[in-house]
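What follows is start_1.txt (compact mmCIF, C-alpha atoms).
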```
# COMPACT_ATOMS: atom_id res chain seq x y z
CA MET A 1 -228.90 160.52 142.95
CA ARG A 2 -226.15 163.06 142.29
CA SER A 3 -227.12 166.70 141.66
CA VAL A 4 -226.40 168.41 138.35
CA ASP A 5 -224.10 170.88 140.08
CA GLU A 6 -222.12 168.08 141.74
CA GLN A 7 -221.72 166.23 138.45
CA LEU A 8 -220.72 169.42 136.62
CA ALA A 9 -218.10 170.18 139.27
CA ARG A 10 -216.62 166.68 138.83
CA VAL A 11 -216.50 167.20 135.07
CA LEU A 12 -214.91 170.66 135.14
CA THR A 13 -212.12 169.55 137.47
CA ALA A 14 -211.02 167.27 134.62
CA ALA A 15 -210.59 170.15 132.17
CA VAL A 16 -207.11 170.18 130.66
CA ARG A 17 -206.13 172.92 128.25
CA PRO A 18 -203.95 171.57 125.41
CA ALA A 19 -200.48 173.15 125.14
CA PRO A 20 -200.41 176.30 122.98
CA VAL A 21 -199.48 175.89 119.33
CA ARG A 22 -198.40 178.34 116.66
CA VAL A 23 -200.77 178.45 113.69
CA ALA A 24 -201.27 180.52 110.57
CA ILE A 25 -203.47 183.53 111.30
CA SER A 26 -206.02 182.16 108.82
CA GLU A 27 -206.45 179.17 111.16
CA ALA A 28 -206.65 181.17 114.41
CA GLN A 29 -210.23 182.40 114.19
CA GLY A 30 -212.36 181.36 117.16
CA LEU A 31 -209.37 180.52 119.36
CA LEU A 32 -207.81 182.38 122.28
CA CYS A 33 -204.49 184.15 121.79
CA ALA A 34 -201.76 182.57 123.92
CA GLU A 35 -199.19 185.38 123.64
CA GLU A 36 -198.84 189.15 123.81
CA VAL A 37 -198.53 190.16 120.16
CA VAL A 38 -196.28 193.24 120.16
CA ALA A 39 -196.26 195.42 117.05
CA GLU A 40 -192.78 195.59 115.56
CA GLN A 41 -193.78 198.42 113.27
CA ALA A 42 -196.23 201.32 113.40
CA LEU A 43 -199.68 201.16 111.85
CA PRO A 44 -200.01 203.00 109.52
CA GLY A 45 -196.34 202.67 108.68
CA PHE A 46 -196.19 206.08 106.94
CA ASP A 47 -198.23 209.27 106.62
CA GLN A 48 -200.88 208.59 104.00
CA ALA A 49 -203.84 210.24 102.35
CA ALA A 50 -207.21 209.43 103.92
CA VAL A 51 -209.13 210.58 100.81
CA ASP A 52 -208.55 211.20 97.13
CA GLY A 53 -207.37 214.77 96.78
CA TYR A 54 -204.34 217.06 96.77
CA ALA A 55 -201.48 216.92 99.25
CA VAL A 56 -200.58 220.44 100.38
CA ARG A 57 -199.02 222.49 103.12
CA SER A 58 -202.01 223.66 105.14
CA VAL A 59 -200.58 227.19 105.39
CA ASP A 60 -200.73 227.48 101.59
CA VAL A 61 -204.53 227.07 101.51
CA GLN A 62 -205.59 229.15 104.52
CA ALA A 63 -206.50 232.06 102.26
CA ALA A 64 -209.19 229.86 100.65
CA ALA A 65 -211.40 230.78 103.60
CA ASP A 66 -211.88 234.21 101.95
CA GLU A 67 -211.19 233.55 98.29
CA SER A 68 -210.15 230.61 96.13
CA THR A 69 -206.48 229.66 96.12
CA VAL A 70 -204.79 228.36 92.98
CA LEU A 71 -201.83 225.98 93.33
CA PRO A 72 -199.74 224.35 90.59
CA VAL A 73 -200.07 220.54 90.55
CA VAL A 74 -196.52 219.18 90.27
CA GLY A 75 -197.25 215.48 90.08
CA GLU A 76 -199.36 212.57 91.17
CA ILE A 77 -198.78 209.87 93.80
CA PRO A 78 -200.85 206.70 93.29
CA VAL A 79 -201.53 204.25 96.08
CA GLY A 80 -198.62 201.84 96.44
CA SER A 81 -196.07 204.34 95.13
CA ARG A 82 -192.54 203.74 96.40
CA GLN A 83 -190.95 206.83 94.85
CA PRO A 84 -190.24 209.57 97.43
CA ARG A 85 -191.44 213.05 96.46
CA ARG A 86 -190.81 216.43 98.05
CA LEU A 87 -193.41 219.18 98.06
CA GLN A 88 -192.22 222.78 97.70
CA PRO A 89 -194.08 225.70 99.30
CA GLY A 90 -197.04 226.85 97.22
CA GLN A 91 -197.42 223.51 95.38
CA ALA A 92 -199.90 220.62 95.38
CA VAL A 93 -199.55 216.93 94.49
CA ARG A 94 -202.51 214.81 93.41
CA VAL A 95 -202.83 211.77 95.77
CA ASP A 96 -205.04 208.70 95.93
CA THR A 97 -206.52 207.32 99.14
CA GLY A 98 -203.79 205.37 100.94
CA ALA A 99 -200.95 206.97 98.98
CA PRO A 100 -197.89 208.20 100.91
CA LEU A 101 -197.72 211.96 101.43
CA PRO A 102 -194.83 213.90 99.92
CA THR A 103 -192.33 215.47 102.29
CA LEU A 104 -193.51 218.78 103.80
CA ALA A 105 -197.19 218.06 103.07
CA ASP A 106 -199.24 218.09 106.28
CA ALA A 107 -202.80 217.94 104.92
CA VAL A 108 -204.93 216.70 102.04
CA VAL A 109 -207.56 218.80 100.30
CA PRO A 110 -210.42 216.51 99.23
CA LEU A 111 -211.43 216.56 95.58
CA ASP A 112 -214.82 218.11 96.34
CA TYR A 113 -213.09 221.13 97.92
CA THR A 114 -211.49 221.86 94.50
CA ASP A 115 -212.18 222.13 90.78
CA GLU A 116 -210.05 218.96 90.25
CA HIS A 117 -207.88 220.64 87.63
CA PRO A 118 -204.90 218.40 86.72
CA ALA A 119 -202.40 221.27 86.28
CA LYS A 120 -203.55 224.26 88.35
CA VAL A 121 -206.00 223.27 91.04
CA THR A 122 -208.37 225.82 92.54
CA VAL A 123 -208.90 225.24 96.27
CA ARG A 124 -212.22 226.65 97.49
CA ARG A 125 -212.00 225.68 101.18
CA PRO A 126 -209.08 225.70 103.60
CA VAL A 127 -207.99 222.63 105.59
CA PRO A 128 -206.14 222.59 108.92
CA SER A 129 -202.91 220.73 109.55
CA ALA A 130 -203.38 216.92 109.66
CA ALA A 131 -206.76 217.13 107.92
CA PHE A 132 -207.61 213.99 105.91
CA VAL A 133 -204.27 212.40 106.80
CA ARG A 134 -203.63 209.03 108.41
CA ARG A 135 -200.64 209.70 110.61
CA THR A 136 -197.81 207.22 111.17
CA GLY A 137 -198.65 205.08 114.21
CA GLU A 138 -202.11 206.63 114.57
CA ASP A 139 -203.62 203.16 114.99
CA VAL A 140 -200.76 201.20 116.60
CA GLN A 141 -197.36 202.45 117.72
CA THR A 142 -194.20 200.34 117.54
CA GLY A 143 -194.02 198.37 120.79
CA ASP A 144 -197.77 198.49 121.46
CA VAL A 145 -199.60 195.26 122.26
CA ALA A 146 -201.74 194.63 119.19
CA VAL A 147 -203.52 191.48 120.46
CA ARG A 148 -203.43 190.58 124.14
CA ARG A 149 -202.90 187.15 125.66
CA GLY A 150 -206.28 185.55 126.31
CA ALA A 151 -208.13 187.66 123.75
CA PRO A 152 -210.61 185.80 121.49
CA ILE A 153 -209.39 185.94 117.90
CA GLY A 154 -212.14 187.08 115.56
CA SER A 155 -212.10 188.72 112.15
CA ALA A 156 -210.86 192.07 113.52
CA GLN A 157 -207.99 190.41 115.41
CA VAL A 158 -207.01 188.40 112.31
CA GLY A 159 -206.99 191.64 110.34
CA LEU A 160 -204.87 193.41 112.97
CA LEU A 161 -202.39 190.54 113.06
CA ALA A 162 -202.02 190.80 109.31
CA ALA A 163 -201.73 194.61 109.53
CA VAL A 164 -198.76 194.38 111.91
CA GLY A 165 -197.07 191.79 109.72
CA ARG A 166 -197.76 188.59 111.65
CA ASP A 167 -198.41 185.47 109.57
CA LYS A 168 -198.55 183.13 112.60
CA VAL A 169 -199.76 183.45 116.18
CA LEU A 170 -199.57 181.33 119.32
CA VAL A 171 -203.04 180.10 120.31
CA HIS A 172 -204.77 177.72 122.66
CA PRO A 173 -205.80 174.95 120.22
CA ARG A 174 -209.16 173.29 119.91
CA PRO A 175 -209.48 170.22 122.15
CA ARG A 176 -209.76 167.00 120.16
CA VAL A 177 -213.04 165.20 120.76
CA SER A 178 -213.82 161.64 119.60
CA VAL A 179 -217.47 160.59 119.30
CA ILE A 180 -218.53 156.93 119.27
CA SER A 181 -222.02 155.42 118.98
CA VAL A 182 -222.59 152.00 120.57
CA GLY A 183 -225.51 149.73 119.70
CA GLU A 184 -226.30 146.56 117.80
CA GLU A 185 -229.45 148.24 116.47
CA LEU A 186 -227.64 151.09 114.71
CA VAL A 187 -227.03 151.52 110.99
CA ASP A 188 -225.38 154.42 109.21
CA VAL A 189 -227.42 156.90 107.21
CA ASP A 190 -226.28 155.47 103.86
CA ARG A 191 -228.03 152.14 104.59
CA THR A 192 -231.67 151.14 104.91
CA PRO A 193 -232.62 150.04 108.43
CA GLY A 194 -233.90 146.50 108.74
CA GLN A 195 -236.43 145.17 111.23
CA GLY A 196 -235.59 146.56 114.67
CA GLN A 197 -232.82 148.80 113.39
CA VAL A 198 -232.52 152.60 113.57
CA TYR A 199 -230.25 155.19 112.06
CA ASP A 200 -227.20 156.30 114.02
CA VAL A 201 -228.26 159.79 115.05
CA ASN A 202 -225.99 160.35 118.02
CA SER A 203 -222.57 160.27 116.39
CA TYR A 204 -223.67 162.88 113.85
CA ALA A 205 -225.58 165.10 116.30
CA LEU A 206 -222.94 164.97 119.05
CA SER A 207 -220.12 165.58 116.58
CA ALA A 208 -221.96 168.66 115.34
CA ALA A 209 -222.52 169.83 118.93
CA ALA A 210 -218.83 169.37 119.78
CA ARG A 211 -217.80 171.23 116.65
CA ASP A 212 -220.21 174.05 117.51
CA ALA A 213 -218.61 174.25 120.97
CA GLY A 214 -215.23 174.82 119.34
CA ALA A 215 -213.68 171.34 119.32
CA GLU A 216 -211.76 169.49 116.64
CA VAL A 217 -213.96 166.44 116.15
CA THR A 218 -213.44 162.88 114.98
CA ARG A 219 -216.71 161.03 114.38
CA VAL A 220 -215.66 157.44 114.92
CA GLY A 221 -219.18 156.27 114.11
CA ILE A 222 -220.89 153.03 115.04
CA MET A 223 -219.35 150.38 117.28
CA SER A 224 -220.90 147.13 118.43
CA SER A 225 -220.95 146.46 122.15
CA ASP A 226 -218.47 143.60 121.71
CA PRO A 227 -216.27 144.23 124.78
CA ARG A 228 -212.92 143.42 123.20
CA ARG A 229 -213.42 145.47 120.03
CA LEU A 230 -214.96 148.41 121.91
CA ARG A 231 -212.08 148.48 124.34
CA GLU A 232 -209.55 148.53 121.50
CA VAL A 233 -211.27 151.45 119.77
CA VAL A 234 -211.70 153.52 122.92
CA GLU A 235 -208.12 152.85 123.99
CA GLY A 236 -206.91 154.06 120.61
CA ARG A 237 -209.00 157.24 120.78
CA LEU A 238 -207.70 158.04 124.26
CA LEU A 239 -204.25 158.50 122.72
CA LEU A 240 -205.59 160.98 120.16
CA SER A 241 -208.17 162.95 122.13
CA GLU A 242 -208.62 165.39 124.97
CA ILE A 243 -212.24 164.23 125.40
CA VAL A 244 -214.01 160.99 124.42
CA VAL A 245 -217.81 160.73 124.13
CA VAL A 246 -219.50 157.33 123.95
CA ALA A 247 -223.25 157.40 123.24
CA GLY A 248 -225.41 154.36 123.98
CA GLY A 249 -224.92 151.31 126.16
CA VAL A 250 -225.06 153.26 129.40
CA GLY A 251 -227.88 151.37 131.10
CA GLY A 252 -229.18 147.82 131.39
CA ALA A 253 -227.33 144.69 130.29
CA ALA A 254 -225.69 146.50 127.37
CA GLY A 255 -224.41 149.15 129.76
CA ALA A 256 -222.91 146.51 132.02
CA GLU A 257 -221.01 145.06 129.06
CA VAL A 258 -219.71 148.48 128.06
CA ARG A 259 -218.59 149.25 131.60
CA ALA A 260 -216.88 145.88 131.83
CA ALA A 261 -215.07 146.53 128.55
CA LEU A 262 -213.72 149.88 129.74
CA SER A 263 -213.24 149.17 133.44
CA ASP A 264 -209.53 148.43 133.31
CA LEU A 265 -208.78 151.65 131.39
CA GLY A 266 -209.47 153.76 134.46
CA GLU A 267 -212.17 155.05 136.79
CA LEU A 268 -215.57 155.18 135.06
CA ASP A 269 -218.47 156.23 137.27
CA VAL A 270 -221.95 155.40 135.92
CA THR A 271 -224.60 157.01 138.06
CA ARG A 272 -227.95 158.75 138.11
CA VAL A 273 -227.88 162.52 137.95
CA ALA A 274 -230.89 164.51 139.12
CA MET A 275 -231.82 165.88 135.70
CA GLN A 276 -234.53 165.24 133.14
CA PRO A 277 -233.90 164.08 130.45
CA GLY A 278 -230.62 162.18 130.62
CA SER A 279 -230.53 160.96 134.20
CA VAL A 280 -228.47 157.80 133.65
CA GLN A 281 -224.99 158.69 132.45
CA GLY A 282 -221.33 158.00 133.03
CA PHE A 283 -218.13 159.97 133.40
CA GLY A 284 -214.55 159.08 134.20
CA ARG A 285 -210.90 159.60 133.37
CA LEU A 286 -209.50 156.81 131.27
CA GLY A 287 -206.10 155.87 129.94
CA PRO A 288 -202.62 156.78 131.15
CA ASP A 289 -203.36 160.50 130.58
CA GLU A 290 -206.71 160.31 132.41
CA ILE A 291 -208.71 161.57 129.44
CA PRO A 292 -212.23 162.79 130.38
CA THR A 293 -214.64 160.18 128.98
CA PHE A 294 -218.43 160.45 128.89
CA MET A 295 -221.06 157.76 128.52
CA LEU A 296 -224.29 159.30 127.30
CA PRO A 297 -227.82 157.88 126.88
CA SER A 298 -228.85 156.32 123.58
CA ASN A 299 -231.89 158.57 123.13
CA PRO A 300 -230.73 161.50 120.95
CA VAL A 301 -232.52 164.23 122.91
CA SER A 302 -231.19 162.90 126.22
CA ALA A 303 -227.70 162.62 124.77
CA LEU A 304 -227.78 166.17 123.39
CA VAL A 305 -229.14 167.66 126.60
CA VAL A 306 -226.48 165.93 128.70
CA PHE A 307 -223.90 167.13 126.20
CA GLU A 308 -225.21 170.69 126.49
CA VAL A 309 -225.23 170.65 130.29
CA LEU A 310 -221.97 168.77 130.97
CA VAL A 311 -219.79 168.15 127.91
CA ARG A 312 -220.00 171.55 126.25
CA PRO A 313 -218.76 173.41 129.36
CA LEU A 314 -215.77 171.07 129.51
CA ILE A 315 -214.91 171.81 125.87
CA ARG A 316 -215.21 175.54 126.50
CA ALA A 317 -213.05 175.29 129.61
CA ALA A 318 -210.43 173.34 127.63
CA LEU A 319 -210.45 176.18 125.09
CA GLY A 320 -209.55 178.52 127.94
CA LYS A 321 -212.85 180.40 128.02
CA PRO A 322 -213.16 182.25 131.35
CA ASN A 323 -216.89 181.48 131.44
CA PRO A 324 -217.61 178.10 129.83
CA HIS A 325 -221.38 178.31 130.30
CA ARG A 326 -224.12 179.47 127.96
CA ARG A 327 -225.85 182.77 128.52
CA THR A 328 -229.03 182.57 130.62
CA VAL A 329 -231.89 185.06 130.89
CA THR A 330 -235.21 185.38 132.69
CA ALA A 331 -238.25 184.98 130.46
CA GLU A 332 -242.03 185.01 130.83
CA LEU A 333 -243.59 181.61 130.20
CA LEU A 334 -246.29 181.62 127.49
CA SER A 335 -247.72 178.17 128.29
CA PRO A 336 -247.79 176.12 131.53
CA ILE A 337 -245.18 173.40 132.05
CA THR A 338 -244.65 170.46 134.39
CA SER A 339 -241.41 168.90 135.59
CA THR A 340 -240.40 165.80 137.53
CA GLU A 341 -239.96 166.40 141.25
CA GLY A 342 -236.41 165.93 142.48
CA ARG A 343 -234.83 166.47 139.04
CA ARG A 344 -233.69 169.61 137.32
CA GLY A 345 -235.77 169.88 134.18
CA PHE A 346 -234.37 170.98 130.83
CA LEU A 347 -237.36 171.60 128.58
CA ARG A 348 -237.17 172.63 124.97
CA GLY A 349 -238.39 176.11 124.15
CA GLN A 350 -238.56 178.93 121.62
CA LEU A 351 -237.21 182.19 123.03
CA LEU A 352 -238.85 185.36 121.70
CA ARG A 353 -238.67 189.11 122.33
CA ASP A 354 -241.77 191.05 123.34
CA PRO A 355 -242.24 193.67 120.56
CA LYS A 356 -243.72 196.12 123.10
CA ASN A 357 -240.91 196.32 125.64
CA GLY A 358 -238.14 194.02 124.42
CA SER A 359 -238.45 191.59 127.35
CA TYR A 360 -237.98 187.85 126.83
CA LEU A 361 -240.85 185.43 126.28
CA VAL A 362 -240.53 181.66 125.99
CA GLN A 363 -242.87 179.16 124.38
CA PRO A 364 -242.39 175.52 125.50
CA LEU A 365 -242.14 173.06 122.62
CA GLY A 366 -243.61 169.55 122.55
CA THR A 367 -243.43 167.23 125.51
CA SER A 368 -240.48 166.14 127.61
CA GLY A 369 -240.11 162.82 125.78
CA SER A 370 -236.43 161.98 125.35
CA HIS A 371 -237.04 160.47 121.90
CA LEU A 372 -238.71 163.56 120.38
CA LEU A 373 -235.94 165.10 118.31
CA ALA A 374 -238.03 167.40 116.09
CA SER A 375 -238.92 169.75 118.94
CA LEU A 376 -235.27 170.04 119.93
CA ALA A 377 -234.40 170.92 116.34
CA GLU A 378 -236.96 173.75 116.54
CA ALA A 379 -235.79 174.96 119.96
CA ASN A 380 -233.38 177.82 120.48
CA CYS A 381 -233.27 177.50 124.26
CA LEU A 382 -233.73 175.21 127.23
CA VAL A 383 -236.17 176.15 130.00
CA VAL A 384 -234.44 175.25 133.28
CA VAL A 385 -236.75 174.11 136.10
CA ASP A 386 -235.43 173.69 139.65
CA GLU A 387 -235.53 170.26 141.27
CA GLU A 388 -238.24 171.15 143.80
CA VAL A 389 -240.59 172.70 141.21
CA THR A 390 -243.19 170.49 139.51
CA GLU A 391 -245.51 173.06 137.85
CA ILE A 392 -245.11 176.57 136.47
CA GLY A 393 -248.06 178.52 135.09
CA ALA A 394 -248.27 180.75 132.05
CA GLY A 395 -247.16 184.29 132.82
CA GLU A 396 -244.64 183.22 135.46
CA GLU A 397 -240.91 183.83 135.07
CA VAL A 398 -238.45 181.04 134.33
CA GLN A 399 -234.73 180.74 133.73
CA VAL A 400 -233.82 180.09 130.11
CA ARG A 401 -230.50 178.88 128.70
CA PHE A 402 -229.63 179.91 125.16
CA LEU A 403 -228.95 177.20 122.60
CA SER A 404 -228.15 179.79 119.94
CA GLN A 405 -227.31 183.48 119.94
CA ARG A 406 -230.00 184.30 117.38
CA ALA A 407 -232.78 184.69 119.95
```

Could you write out this file's structure as structure tokens?
Amino acid sequence: MRSVDEQLARVLTAAVRPAPVRVAISEAQGLLCAEEVVAEQALPGFDQAAVDGYAVRSVDVQAAADESTVLPVVGEIPVGSRQPRRLQPGQAVRVDTGAPLPTLADAVVPLDYTDEHPAKVTVRRPVPSAAFVRRTGEDVQTGDVAVRRGAPIGSAQVGLLAAVGRDKVLVHPRPRVSVISVGEELVDVDRTPGQGQVYDVNSYALSAAARDAGAEVTRVGIMSSDPRRLREVVEGRLLLSEIVVVAGGVGGAAGAEVRAALSDLGELDVTRVAMQPGSVQGFGRLGPDEIPTFMLPSNPVSALVVFEVLVRPLIRAALGKPNPHRRTVTAELLSPITSTEGRRGFLRGQLLRDPKNGSYLVQPLGTSGSHLLASLAEANCLVVVDEEVTEIGAGEEVQVRFLSQRA
């Protein structure tokens, strides 16, 4: 029986990052930047008012520290104005937030420092030079790197790209993942199952998991285990995917048929991995481009746990993430648990914070049955139990892997 770490190492060596592509900045969120984005213009691009007020020369209002200073208001500059204006000594110009400053102005007097008179404004407080002014290049200078290669692109990065005038950016694209369910017993959710039939859960659940991991997903849906037809579909998906996931038909007679159907497409290793649930599984590199291909158990919980442990890290590695693994923490167990000797256990749990000291607590959910999907839907973490451990009591510490970042 192969260890989890050995199987994960085999999987991660197959990670291939798709070639960078240039996309609109509105499509770049969640991806890694594949270039050094150098600002071709300063940000802000001109001196501008940081508040509504009056643009002045700071020396003209220094006397307001002792007594009010009255300045004639010689105009108004609204935000977006493109008309240049020159300020003369002893004058003020009314400005809106974001409006360009007139020449010679080096400060803005906020409205609440004045009587707001439209013609002759009384300034009651002095302001120093550069007060309430956004200086040219204060945020980004021309030639600065605005977004670095390898940086995750989130909302702030999208905003900065727009601010420096970039409408497109080179990114590492999402790997394309194809998800196929195999089984004569499966029906889609828009049909009523007959005797001995069940809904296709895996193609929906695994597609959602792949999408959550950052992939571009094609849910192929249900396939029969007919060797010829299955081979045709998988072969077609290998040309359009960076990763292929086949759920069902991994063990027993059905599994033998599936393996036979795919055997001439490349090396496909079906083995037992020392984990619970999801021990029986397959992995290989198929097609002329040696596309990583997974064969997962038919039980939805087993399939999702194997996906979490092995497939998700591959997707994250293909995205270029420096650490493809979920965050793990140490938590205090609230109820005792048992695990199968010789297998690394992945038990469903609810991760909590102790209101007294902020430490982590974890409540195991349900049993370890691989068919019990409701408890996995309630879980926000997996309790990871080492292979040599069979029992852990309440109050003891365990390692916990996040399934969401809300815990």

For a quick check of understanding, using only C-alpha atoms, which of A:Tyr360, A:Val305, A:Val389, A:Leu32 has the smallest distance to Ala377 (chain A)?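 Nearest to Ala377 (chain A): A:Val305.
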
Residue contacts of Leu230 (chain A) (10 Å, all atoms listed in the file) excluding same-chain residues fewer than 6 positions away, as a short mmCIF file (atom, residue, chain, number, x, y, z; two decimals) with C-alpha atoms, keeping the file's coordinate frame:
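The resulting file, out-v8.cif, is shown below:
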```
data_model
loop_
_atom_site.label_atom_id
_atom_site.label_comp_id
_atom_site.auth_asym_id
_atom_site.auth_seq_id
_atom_site.Cartn_x
_atom_site.Cartn_y
_atom_site.Cartn_z
CA ILE A 180 -218.53 156.93 119.27
CA VAL A 182 -222.59 152.00 120.57
CA MET A 223 -219.35 150.38 117.28
CA SER A 224 -220.90 147.13 118.43
CA GLY A 236 -206.91 154.06 120.61
CA GLU A 257 -221.01 145.06 129.06
CA VAL A 258 -219.71 148.48 128.06
CA ALA A 261 -215.07 146.53 128.55
CA LEU A 262 -213.72 149.88 129.74
#
```

Might you pull out every residue within 10 Å of Asn380 (chain A), with all atoms listed in the file counted and same-chain residues fewer than 4 positions away left off, and present them as a ChimeraX atom specification? /A:348-352,362,375-376,400-407

Using all atoms listed in the file, give me every residue within 6 Å of (-212.7, 179.1, 118.6) in file coordinates, as a list of chain:residue names.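 Nearby residues: A:Gly30, A:Leu31, A:Gly214.
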
Restrict the selected residues to C-alpha atoms and save them as a PDB file, in the frame of the given file.
```pdb
ATOM      1  CA  GLY A  30    -212.360 181.360 117.160  1.00  0.00           C
ATOM      2  CA  LEU A  31    -209.370 180.520 119.360  1.00  0.00           C
ATOM      3  CA  GLY A 214    -215.230 174.820 119.340  1.00  0.00           C
TER       4      GLY A 214
END
```

Would you pick out the contacts of Ala131 (chain A) at 9 Å or less, using all atoms listed in the file, so that residues sharing its chain but fewer than 2 positions from it are not included, and give the list as a PyMOL selection string? chain A and resi 50+58+106-109+127-129+133-134

CA of Leu296 (chain A) and CA of Arg259 (chain A) are how many Å apart?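 For CA of Leu296 (chain A) relative to CA of Arg259 (chain A), the distance reads 12.3 Å.
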
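Excluding Val220 (chain A) itself and any same-chain residue fewer than 2 positions from it, the protein and nucleic acid residues within 9 Å of it, counting all atoms listed in the file, are Ser178, Val179, Ile180, Ser181, Ser203, Thr218, Ile222, Met223, Val233 and Arg237 of chain A.
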
Using only C-alpha atoms, please write the residues we just selected to a file, as a PDB file, in the frame of the given file.
```
ATOM      1  CA  SER A 178    -213.820 161.640 119.600  1.00  0.00           C
ATOM      2  CA  VAL A 179    -217.470 160.590 119.300  1.00  0.00           C
ATOM      3  CA  ILE A 180    -218.530 156.930 119.270  1.00  0.00           C
ATOM      4  CA  SER A 181    -222.020 155.420 118.980  1.00  0.00           C
ATOM      5  CA  SER A 203    -222.570 160.270 116.390  1.00  0.00           C
ATOM      6  CA  THR A 218    -213.440 162.880 114.980  1.00  0.00           C
ATOM      7  CA  ILE A 222    -220.890 153.030 115.040  1.00  0.00           C
ATOM      8  CA  MET A 223    -219.350 150.380 117.280  1.00  0.00           C
ATOM      9  CA  VAL A 233    -211.270 151.450 119.770  1.00  0.00           C
ATOM     10  CA  ARG A 237    -209.000 157.240 120.780  1.00  0.00           C
TER      11      ARG A 237
END
```

Residues of region 98-169 of chain A within 12 Å of region 18-21 of chain A: nearest atom pair and distance (Å, one decimal) for each, counting all atoms listed in the file, sorted by chain and number, as JSON lines?
```
{"residue": "A:Arg149", "atom": "CA", "partner": "A:Pro20", "partner_atom": "CA", "distance": 11.5}
{"residue": "A:Gly150", "atom": "CA", "partner": "A:Pro20", "partner_atom": "CA", "distance": 11.5}
{"residue": "A:Lys168", "atom": "CA", "partner": "A:Val21", "partner_atom": "CA", "distance": 9.9}
{"residue": "A:Val169", "atom": "CA", "partner": "A:Val21", "partner_atom": "CA", "distance": 8.2}
```

One-decimal distance in Å that lies between CA of Arg353 (chain A) and CA of Ile337 (chain A):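 Atom-to-atom, CA of Ile337 (chain A) to CA of Arg353 (chain A), that is 19.6 Å.
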
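Remark: for Gly278 (chain A), the closest of the candidate residues A:Val164, A:Ala151, A:Val4, A:Ile392 is A:Val4 (distances computed over all atoms listed in the file).
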
Write out as a VMD selection string the residues lying within 10 Å of Gln83 (chain A), counting all atoms listed in the file and excluding same-chain residues fewer than 4 positions away. chain A and resid 77 100 102

Which residue is closest to Gly251 (chain A)? Choose from A:Arg272, A:Arg94, A:Arg85, A:Arg231 and count all atoms listed in the file.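 The closest residue to Gly251 (chain A) is A:Arg272.
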
Closest to Gly154 (chain A) among A:Leu365, A:Ala39, A:Cys33, A:Ala213, using all atoms listed in the file?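 Looking at the shortest contact to Gly154 (chain A), the residue is A:Cys33.
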